[in-house]
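Engineer: Just dropping this structure here.
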Amino acid sequence: MDTIRFPFYARAALTLIALVLTCLILSVASNIFIPLVSGLLISILLYPINKFFEEKLHLGRTISPILSVFLFITLLFSFVYFLALQLIGFSSDFPMLRKRFLQMIDGLQQWLHYKLHINNYQQTDYLNKSMTGIFGALGHSISNLFVSVTGILFLTIFVLIFSYFMLYYRKLLKKFVLFLFRAEHQVKVSEVLMETKSMIYSYVFGLLIEMVLVSIVNCTMFLIMGIQYALLLGVMAAVLNIIPYLGIYTSIIITTLVTLANSNTNLALEAGGGLFIVHLLDSNILFPRIIGRRVKMNPFITILAVIVGDFLWGVPGMFLFIPVTGIIKMICERVEGLEAWGLLIGVEEVEKKPGKKIELKDLKER
């Protein structure tokens, strides 16, 4: 059947309209898509365990997903319980931290008065105005804290429910996707589904392994340095490290400030520098070897995905849009007419061999 070829300006306009409508739908229906995508990622992560329960232990299609989700809940609550214990110990030292911060502020005021000739009255007046706005925003945030916590609990419940049903109806969902396409395309669609599942599993499971290893390295480094709250800061930095390019700098700032509040400046700078060195080792050694080359995106698209995810879905979007963009890249690479988008998202890989000139034909083949 002959296909209609639109001119470039018409195709560009239609593509832009499609992108705008997609972003609008994702933003308006975020309460639906966030648990769905999260449930999809968790179900793919739990699929090998569910398959073991179902095929090796012969527990059946109903019991196996329940046990898989229950195992995930147990691990999740164990992690949350560990963080809660560390936060309780951290909160008991709040008076000492407050005193230390006041001393630091007093020293800063004296430095400003000596260097910039801004007297204490002007500094106090500016600080009071700033604190009024901060406390107003803080009071508004506290008033919405209960609503936020309730929303997170309900979101978690729906994510777990969706994970169970996606494990239970996985064969039905696969048939549904296949029957959306004509028979001659179903083989290619099946290959894309299998590679997508493998890519998501590799990405999510690799992130968990990476987070555990980075947590161990961070906590060991902080304990050797003698930093207070070493376990809390080490685990927090490893969790924030999941957010590409942005999380590491956030963790460095938090770790430096907390260490500065209960120790000296040199130790605070050493803690921040140590985190940065661990991040360099992780991004150049651990990340490529653990997660592999399945989610191969250039830094520009990765940062853009994080920003767009935060804009559309908030903090969950910063985590979810990385594998979502990886799925889009994989689909674009295999659908005729979308190869350019897959090339834009991916990484340019041109390996020069000694004594051989790379021609344009070779680049196209790659």
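Labeling convention for the structure tokens: chains A, B, ... as they appear, residues from 1 per chain, ligands from 1 in order of appearance.
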Just the residues within 9 Å of Met199 of chain A, please, counting only C-alpha atoms, with nothing from its chain fewer than 2 positions along; format it as a ChimeraX atom specification.

Structural biologist: /A:194-197,201-204,294-295,323,326-327

Engineer: Can you list, as a PyMOL selection string, every protein, DNA or RNA residue that comes within 12 Å of Met318 of chain A when you count only C-alpha atoms, leaving out same-chain residues fewer than 5 positions away?

Structural biologist: chain A and resi 34+240-247+302-313+323-325

Engineer: In Å to one decimal, how far is atom CA of Leu344 of chain A from atom CA of Ser198 of chain A?

Structural biologist: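 Atom CA of Ser198 of chain A sits 22.0 Å away from atom CA of Leu344 of chain A.
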
Engineer: Have a look at A:Thr255, A:Gln186, A:Pro48, A:Leu14 and name the one nearest to Gln228 of chain A; count only C-alpha atoms.

Structural biologist: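 Closest residue, counting only C-alpha atoms: A:Thr255.
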
Engineer: Wanna dump the segment 8-108 of chain A-segment 151-157 of chain A contacts at 12 Å for me, each residue with its shortest atom pair and the distance in Å to one decimal, counting only C-alpha atoms, ordered by chain and number, as CSV?

Structural biologist:
residue,atom,partner,partner_atom,distance
A:Ser30,CA,A:Leu155,CA,11.2
A:Asn31,CA,A:Leu155,CA,8.2
A:Ile32,CA,A:Leu155,CA,9.5
A:Phe33,CA,A:Leu155,CA,10.9
A:Ile34,CA,A:Leu155,CA,8.4
A:Pro35,CA,A:Leu155,CA,6.4
A:Leu36,CA,A:Leu155,CA,10.1
A:Val37,CA,A:Leu155,CA,11.8
A:Ser38,CA,A:Thr156,CA,9.3
A:Gly39,CA,A:Thr156,CA,9.4
A:Ile42,CA,A:Thr156,CA,11.5
A:Val69,CA,A:Ile157,CA,11.1
A:Phe72,CA,A:Thr156,CA,11.9
A:Ile73,CA,A:Thr156,CA,10.0
A:Leu76,CA,A:Thr156,CA,10.9
A:Phe77,CA,A:Thr156,CA,11.8
